[in-house]
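File shown: structure.cif (mmCIF, C-alpha atoms).
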```cif
data_entry
loop_
_atom_site.label_atom_id
_atom_site.label_comp_id
_atom_site.auth_asym_id
_atom_site.auth_seq_id
_atom_site.Cartn_x
_atom_site.Cartn_y
_atom_site.Cartn_z
CA MET O 193 0.00 0.00 0.00
CA SER O 194 1.41 3.37 -0.96
CA ILE O 195 0.13 6.80 -1.81
CA PRO O 196 1.11 8.65 -4.99
CA GLU O 197 3.56 11.52 -5.20
CA SER O 198 0.89 13.88 -6.50
CA GLY O 199 -2.85 13.99 -7.01
CA ARG O 200 -3.41 13.32 -3.34
CA ARG O 201 -6.39 14.62 -1.40
CA VAL O 202 -5.11 16.64 1.53
CA LEU O 203 -6.89 18.12 4.54
CA VAL O 204 -4.92 20.89 6.28
CA SER O 205 -6.41 22.09 9.55
CA GLY O 206 -5.95 25.72 10.55
CA ALA O 207 -4.96 26.77 7.03
CA SER O 208 -6.35 30.30 6.91
CA ARG O 209 -2.93 31.91 7.33
CA GLY O 210 0.63 31.39 8.58
CA LEU O 211 2.06 27.88 8.48
CA GLY O 212 -1.26 26.34 7.45
CA ARG O 213 -1.35 28.55 4.37
CA ALA O 214 2.26 27.68 3.49
CA VAL O 215 1.51 23.97 3.88
CA ALA O 216 -1.58 24.19 1.69
CA GLN O 217 0.42 26.06 -0.96
CA ALA O 218 3.22 23.47 -0.88
CA PHE O 219 0.84 20.57 -1.48
CA ALA O 220 -1.04 22.41 -4.22
CA ALA O 221 2.20 23.34 -5.97
CA GLY O 222 3.04 19.64 -6.13
CA GLY O 223 -0.22 18.76 -7.84
CA ASP O 224 -2.34 17.77 -4.85
CA TRP O 225 -5.91 18.82 -4.06
CA VAL O 226 -6.29 20.64 -0.77
CA ALA O 227 -9.13 21.18 1.68
CA VAL O 228 -8.35 24.46 3.45
CA HIS O 229 -9.84 24.32 6.94
CA PHE O 230 -10.63 27.43 8.96
CA GLY O 231 -12.29 28.06 12.29
CA THR O 232 -13.40 31.69 12.25
CA ARG O 233 -11.13 33.40 9.68
CA ALA O 234 -13.22 32.78 6.58
CA GLU O 235 -11.89 35.77 4.64
CA GLU O 236 -8.26 34.84 5.28
CA ALA O 237 -9.02 31.24 4.34
CA ARG O 238 -10.43 32.47 1.06
CA VAL O 239 -7.12 34.28 0.45
CA THR O 240 -5.33 30.98 1.05
CA LEU O 241 -7.66 29.16 -1.34
CA ASP O 242 -7.20 31.77 -4.05
CA SER O 243 -3.40 31.51 -3.71
CA LEU O 244 -3.28 27.77 -4.43
CA ALA O 245 -1.89 26.50 -7.70
CA GLY O 246 -4.12 24.27 -9.77
CA THR O 247 -7.81 23.55 -9.34
CA GLY O 248 -10.07 21.30 -7.31
CA HIS O 249 -9.33 22.81 -3.91
CA THR O 250 -12.02 23.61 -1.36
CA LEU O 251 -12.78 25.57 1.82
CA VAL O 252 -14.02 23.76 4.91
CA GLY O 253 -15.09 25.68 8.02
CA GLY O 254 -15.75 24.24 11.44
CA ASP O 255 -14.99 24.29 15.17
CA LEU O 256 -12.47 21.52 15.80
CA ALA O 257 -12.82 21.88 19.58
CA ASP O 258 -16.30 20.37 19.17
CA PRO O 259 -16.10 16.63 18.34
CA ALA O 260 -19.18 16.95 16.13
CA GLY O 261 -17.57 19.92 14.41
CA ALA O 262 -14.43 17.90 13.71
CA ALA O 263 -16.51 15.11 12.20
CA ALA O 264 -18.36 17.60 10.01
CA VAL O 265 -15.05 19.05 8.77
CA VAL O 266 -13.74 15.63 7.75
CA ASP O 267 -17.03 14.69 6.08
CA ALA O 268 -17.10 17.94 4.12
CA ALA O 269 -13.48 17.65 3.03
CA ALA O 270 -13.89 14.05 1.93
CA GLU O 271 -17.05 14.84 0.01
CA ALA O 272 -15.48 17.80 -1.79
CA LEU O 273 -12.22 16.04 -2.63
CA GLY O 274 -13.62 12.56 -3.22
CA GLY O 275 -11.75 11.16 -0.23
CA ILE O 276 -8.72 11.99 1.92
CA ASP O 277 -5.19 10.65 1.55
CA VAL O 278 -3.25 13.02 3.79
CA LEU O 279 -4.13 14.83 7.02
CA VAL O 280 -1.99 17.68 8.35
CA ASN O 281 -2.90 18.53 11.95
CA ASN O 282 -1.84 22.16 12.09
CA ALA O 283 -4.65 23.95 13.95
CA ALA O 284 -3.56 25.18 17.38
CA VAL O 285 -3.93 27.90 19.97
CA ASN O 286 -1.03 29.49 21.84
CA ILE O 287 -2.12 31.92 24.56
CA ARG O 288 0.36 33.47 26.98
CA HIS O 289 -0.31 32.40 30.61
CA PRO O 290 2.75 32.45 32.89
CA LEU O 291 1.69 30.90 36.19
CA ALA O 292 2.86 33.75 38.43
CA GLU O 293 0.80 36.28 36.47
CA THR O 294 -2.32 34.23 35.76
CA SER O 295 -5.38 33.86 37.97
CA TYR O 296 -6.63 30.35 38.69
CA GLU O 297 -9.84 30.92 36.75
CA GLU O 298 -7.93 32.13 33.69
CA TRP O 299 -5.41 29.28 34.09
CA VAL O 300 -8.16 26.66 34.01
CA ALA O 301 -9.85 28.23 31.00
CA VAL O 302 -6.62 28.52 29.02
CA TRP O 303 -5.61 24.93 29.75
CA GLN O 304 -9.02 23.65 28.70
CA GLN O 305 -8.80 25.60 25.44
CA HIS O 306 -5.31 24.29 24.65
CA VAL O 307 -6.27 20.70 25.40
CA ALA O 308 -9.46 20.96 23.34
CA VAL O 309 -7.80 22.42 20.25
CA ASN O 310 -4.17 21.32 20.32
CA LEU O 311 -4.63 17.78 21.60
CA LEU O 312 -8.21 16.53 21.41
CA ALA O 313 -8.92 18.03 18.00
CA THR O 314 -5.72 16.44 16.70
CA ALA O 315 -6.72 13.09 18.18
CA ASN O 316 -10.26 13.32 16.82
CA LEU O 317 -9.24 14.35 13.31
CA SER O 318 -6.65 11.58 13.29
CA HIS O 319 -9.27 8.98 14.23
CA LEU O 320 -11.78 10.23 11.69
CA VAL O 321 -9.29 10.35 8.82
CA ALA O 322 -7.51 7.12 9.75
CA ARG O 323 -10.79 5.21 9.73
CA ARG O 324 -11.44 6.49 6.21
CA LEU O 325 -7.93 5.53 5.13
CA ILE O 326 -8.38 2.03 6.53
CA ASP O 327 -11.66 1.64 4.68
CA GLN O 328 -10.09 2.95 1.46
CA GLY O 329 -7.33 0.37 1.81
CA SER O 330 -4.82 2.57 0.00
CA GLY O 331 -2.61 3.72 2.86
CA GLY O 332 -2.05 7.35 3.71
CA ARG O 333 -0.24 9.91 5.79
CA ILE O 334 -0.89 11.88 8.96
CA VAL O 335 1.54 14.67 9.79
CA ASN O 336 1.25 16.54 13.08
CA VAL O 337 2.67 19.99 13.74
CA GLY O 338 4.26 19.85 17.16
CA SER O 339 6.81 22.21 18.65
CA ARG O 340 10.36 22.63 19.91
CA GLY O 341 8.66 23.84 23.08
CA ALA O 342 7.61 20.28 23.87
CA PHE O 343 11.29 19.59 24.69
CA ARG O 344 12.72 22.97 25.64
CA GLY O 345 9.85 24.07 27.87
CA GLU O 346 7.51 27.04 27.49
CA PRO O 347 7.54 29.06 30.73
CA ASP O 348 5.10 31.68 29.44
CA HIS O 349 2.99 29.15 27.50
CA PRO O 350 3.06 25.94 29.57
CA ALA O 351 -0.21 24.52 28.21
CA TYR O 352 1.11 24.94 24.69
CA GLY O 353 4.33 23.07 25.47
CA ALA O 354 2.49 20.30 27.30
CA THR O 355 -0.15 19.76 24.63
CA LYS O 356 2.46 19.74 21.86
CA ALA O 357 4.42 17.10 23.79
CA ALA O 358 1.21 15.09 23.95
CA VAL O 359 0.74 15.52 20.20
CA HIS O 360 4.22 14.05 19.65
CA ALA O 361 3.37 11.07 21.87
CA LEU O 362 0.03 10.60 20.14
CA GLY O 363 1.74 10.54 16.75
CA GLN O 364 4.18 7.86 17.86
CA SER O 365 1.40 5.69 19.27
CA LEU O 366 -0.61 6.00 16.06
CA ALA O 367 2.48 5.30 13.95
CA VAL O 368 2.71 1.85 15.53
CA SER O 369 -0.99 1.05 15.44
CA LEU O 370 -1.63 2.28 11.88
CA ALA O 371 1.46 0.91 10.13
CA PRO O 372 -0.24 -2.43 9.32
CA HIS O 373 -2.75 -0.40 7.31
CA GLY O 374 -0.06 1.38 5.31
CA ILE O 375 -0.61 4.65 7.17
CA ALA O 376 2.52 6.51 8.24
CA VAL O 377 2.30 9.07 11.06
CA ALA O 378 5.00 11.60 11.90
CA SER O 379 5.44 15.00 13.50
CA VAL O 380 7.47 18.13 12.92
CA ALA O 381 8.79 20.09 15.89
CA PRO O 382 9.46 23.63 14.63
CA GLY O 383 11.39 26.28 16.43
CA PHE O 384 10.49 29.94 16.04
CA PHE O 385 9.30 30.84 12.54
CA ALA O 386 7.95 34.03 11.03
CA THR O 387 4.19 34.46 10.60
CA GLU O 388 1.73 37.31 10.82
CA ARG O 389 0.95 36.33 14.40
CA VAL O 390 4.50 36.89 15.68
CA SER O 391 5.57 39.75 13.43
CA ALA O 392 5.27 42.30 16.24
CA ARG O 393 7.59 40.25 18.47
CA LEU O 394 10.19 39.89 15.72
CA GLU O 395 10.09 43.58 14.93
CA GLY O 396 10.10 44.64 18.60
CA PRO O 397 12.74 44.74 21.33
CA GLU O 398 12.91 40.94 21.72
CA GLY O 399 13.40 40.31 18.00
CA ALA O 400 17.20 40.19 18.16
CA ALA O 401 17.16 37.71 21.04
CA ILE O 402 14.69 35.47 19.22
CA ARG O 403 16.84 35.43 16.09
CA ALA O 404 19.93 34.71 18.20
CA GLN O 405 18.38 31.45 19.43
CA SER O 406 19.66 29.87 16.22
CA PRO O 407 23.36 29.98 15.27
CA PHE O 408 22.13 30.96 11.80
CA GLY O 409 21.05 34.26 13.37
CA ARG O 410 17.51 34.17 11.98
CA VAL O 411 14.16 32.48 12.38
CA ALA O 412 12.65 30.06 9.90
CA THR O 413 10.18 30.90 7.21
CA ALA O 414 6.82 29.16 7.17
CA GLU O 415 7.83 27.69 3.81
CA GLU O 416 10.80 25.91 5.40
CA ILE O 417 8.52 24.20 7.91
CA ALA O 418 6.03 23.39 5.17
CA ALA O 419 8.78 21.69 3.17
CA ALA O 420 9.39 19.30 6.07
CA VAL O 421 5.66 18.56 6.32
CA LEU O 422 5.53 17.90 2.59
CA TRP O 423 8.41 15.43 2.78
CA LEU O 424 6.92 13.53 5.72
CA ALA O 425 3.71 13.15 3.70
CA SER O 426 5.58 11.81 0.68
CA PRO O 427 5.83 8.16 -0.40
CA ALA O 428 9.58 8.30 0.31
CA ALA O 429 9.04 9.05 4.01
CA GLU O 430 7.15 5.90 4.99
CA TRP O 431 10.16 4.51 6.88
CA SER O 432 10.25 7.71 8.93
CA SER O 433 6.87 6.93 10.44
CA GLY O 434 6.95 7.62 14.16
CA THR O 435 9.63 10.27 13.89
CA ILE O 436 9.58 13.72 15.46
CA LEU O 437 11.52 15.87 13.03
CA ASP O 438 13.28 18.87 14.58
CA VAL O 439 13.10 21.90 12.28
CA ASN O 440 14.65 24.59 14.47
CA GLY O 441 17.91 25.78 12.90
CA ALA O 442 20.02 24.11 15.61
CA SER O 443 18.40 26.35 18.21
CA TYR O 444 17.68 23.32 20.42
CA LEU O 445 19.55 20.05 20.12
CA ARG O 446 18.59 16.70 21.59
CA SER O 447 19.64 13.11 21.08
#
```
Encoded form using structure tokens:
Amino acid sequence: MSIPESGRRVLVSGASRGLGRAVAQAFAAGGDWVAVHFGTRAEEARVTLDSLAGTGHTLVGGDLADPAGAAAVVDAAAEALGGIDVLVNNAAVNIRHPLAETSYEEWVAVWQQHVAVNLLATANLSHLVARRLIDQGSGGRIVNVGSRGAFRGEPDHPAYGATKAAVHALGQSLAVSLAPHGIAVASVAPGFFATERVSARLEGPEGAAIRAQSPFGRVATAEEIAAAVLWLASPAAEWSSGTILDVNGASYLRS
């Protein structure tokens, strides 16, 4: 069982802007059909859709924090594309909440939001797509977007670091259980990369320190992270199932 190098049907969650947009563009440029998922940013998702090379792409809106919403997203994507071959779990929240500055009520709410979106939505989408892949009998790919913060720690965003670590662990568990069905599962663990969301930080007083985290003296582009996602979804990457691929410009090394 193997998937083709192009002409695949790809669902990218959280693709309205930033890394999700870059991932959608990378797949489309290679000849794949992409379902661009968005939660609330419909206009930005339309910009993503209009930027994609080729035809046959589609927009899919829905609240992934709601299990029924996740199921509706997968159903809509599969109906529009005629099936799904690749899932990229990119949707995430990342809200600042250092413990010493955060009330208990806010702490609880932020943790619940991170778990619902970063972890449970990833788990639910993975189940929904994997069941379709098993029924199709043609194999497939699931690629999760994790984070360097799962290893380095996130003192100002602890729920983000913890849920991304859980996403890595989930991907490794699914890699083992889904391999007999020809489904490879892997994760990328990016360091800091430039998007609209962090542009103010990069242009502000802390920008130099952020760039200095890497010995290259810069942060990544979203396209560099997308390239890693694209490779992990390729037929050539099957034997890398279960991996957590560091894409951080040597800013954090582990062995």
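CA of Gly253 (chain O) sits 26.2 Å away from CA of Gly353 (chain O).
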Please evaluate the PyMOL selection byres ((chain O and resi 405) around 12) against the structure above and give the resulting residues as a list in words.
Arg340, Arg344, Gly383, Phe384, Phe385, Glu398, Gly399, Ala400, Ala401, Ile402, Arg403, Ala404, Ser406, Pro407, Phe408, Gly409, Arg410, Val411, Ala412, Asn440, Gly441, Ala442, Ser443, Tyr444 and Leu445 of chain O
Can you list what the PyMOL selection byres ((chain O and resi 209) around 7) grabs from this structure, as a compact mmCIF listing (two decimals) with C-alpha atoms, in the coordinates of the input?
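Result file is part_28.txt:
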```txt
# COMPACT_ATOMS: atom_id res chain seq x y z
CA ALA O 207 -4.96 26.77 7.03
CA SER O 208 -6.35 30.30 6.91
CA GLY O 210 0.63 31.39 8.58
CA LEU O 211 2.06 27.88 8.48
CA GLY O 212 -1.26 26.34 7.45
CA ARG O 213 -1.35 28.55 4.37
CA GLU O 236 -8.26 34.84 5.28
CA ALA O 237 -9.02 31.24 4.34
CA THR O 240 -5.33 30.98 1.05
```
Counting only C-alpha atoms, what is within 8 Å of Val335 (chain O), bar same-chain residues fewer than 5 positions away, as a list in words?
Val278, Leu279, Val280, Asn281, Val377, Ala378, Ser379, Val380, Val421, Leu424 and Ala425 of chain O
For Arg200 (chain O): contacts at 12 Å, only C-alpha atoms, fewer than 4 positions along chain excluded, given as a short mmCIF file (atom, residue, chain, number, x, y, z; two decimals) with C-alpha atoms, keeping the file's coordinate frame:
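So the final result, stored in result09.cif, reads:
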```
data_model
loop_
_atom_site.label_atom_id
_atom_site.label_comp_id
_atom_site.auth_asym_id
_atom_site.auth_seq_id
_atom_site.Cartn_x
_atom_site.Cartn_y
_atom_site.Cartn_z
CA SER O 194 1.41 3.37 -0.96
CA ILE O 195 0.13 6.80 -1.81
CA PRO O 196 1.11 8.65 -4.99
CA PHE O 219 0.84 20.57 -1.48
CA ALA O 220 -1.04 22.41 -4.22
CA ALA O 221 2.20 23.34 -5.97
CA GLY O 222 3.04 19.64 -6.13
CA GLY O 223 -0.22 18.76 -7.84
CA ASP O 224 -2.34 17.77 -4.85
CA TRP O 225 -5.91 18.82 -4.06
CA VAL O 226 -6.29 20.64 -0.77
CA ALA O 227 -9.13 21.18 1.68
CA GLY O 248 -10.07 21.30 -7.31
CA HIS O 249 -9.33 22.81 -3.91
CA ALA O 270 -13.89 14.05 1.93
CA LEU O 273 -12.22 16.04 -2.63
CA GLY O 274 -13.62 12.56 -3.22
CA GLY O 275 -11.75 11.16 -0.23
CA ILE O 276 -8.72 11.99 1.92
CA ASP O 277 -5.19 10.65 1.55
CA VAL O 278 -3.25 13.02 3.79
CA LEU O 279 -4.13 14.83 7.02
CA SER O 330 -4.82 2.57 0.00
CA GLY O 331 -2.61 3.72 2.86
CA GLY O 332 -2.05 7.35 3.71
CA ARG O 333 -0.24 9.91 5.79
CA LEU O 422 5.53 17.90 2.59
CA ALA O 425 3.71 13.15 3.70
CA SER O 426 5.58 11.81 0.68
CA PRO O 427 5.83 8.16 -0.40
#
```
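Going from CA of Ala257 (chain O) to CA of Asn286 (chain O) covers 14.2 Å.
Closest approach to Ala262 (chain O) from the set O:Leu203, O:Ala342, O:Ile375, O:Val390 is made by O:Leu203, with distances taken over only C-alpha atoms.
Of note, CA of Pro372 (chain O) and CA of Val321 (chain O) are spaced 15.7 Å apart.
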Convert the output of the PyMOL selection byres ((chain O and resi 308) around 10) on the shown file into explicit residues, formatted as a PyMOL selection string.
chain O and resi 256-259+284-285+302-307+309-315+355
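Using all atoms listed in the file, the smallest distance between any of O:Leu244, O:Ala351, O:Arg323, O:Ser295 and Ala214 (chain O) comes from O:Leu244.
Counting only C-alpha atoms, the residue from O:Gly231, O:Gly261, O:His319, O:Ile436 that sits nearest to Gln364 (chain O) is O:Ile436.
Among the candidates O:Gly363, O:Ser369, O:Val202, O:Asp348, the one nearest to Arg288 (chain O) when counting all atoms listed in the file is O:Asp348.
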Output, as JSON, the centre and edge lengths in Å (one decimal) of the axis-aligned box that contains all listed atoms of region 273-288 of chain O with 8 Å of margin on each side.
```
{"center_x": -6.6, "center_y": 22.1, "center_z": 11.9, "size_x": 30.0, "size_y": 38.8, "size_z": 46.2}
```
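Of the listed residues O:Arg393, O:Phe230, O:Ala376, O:Asp327, the one whose atoms come nearest to Ala428 (chain O) is O:Ala376, with distances taken using only C-alpha atoms.
Closest approach to Leu370 (chain O) among O:Gly199, O:Gly345, O:Gly434, O:Gly254: O:Gly434, based on only C-alpha atoms.
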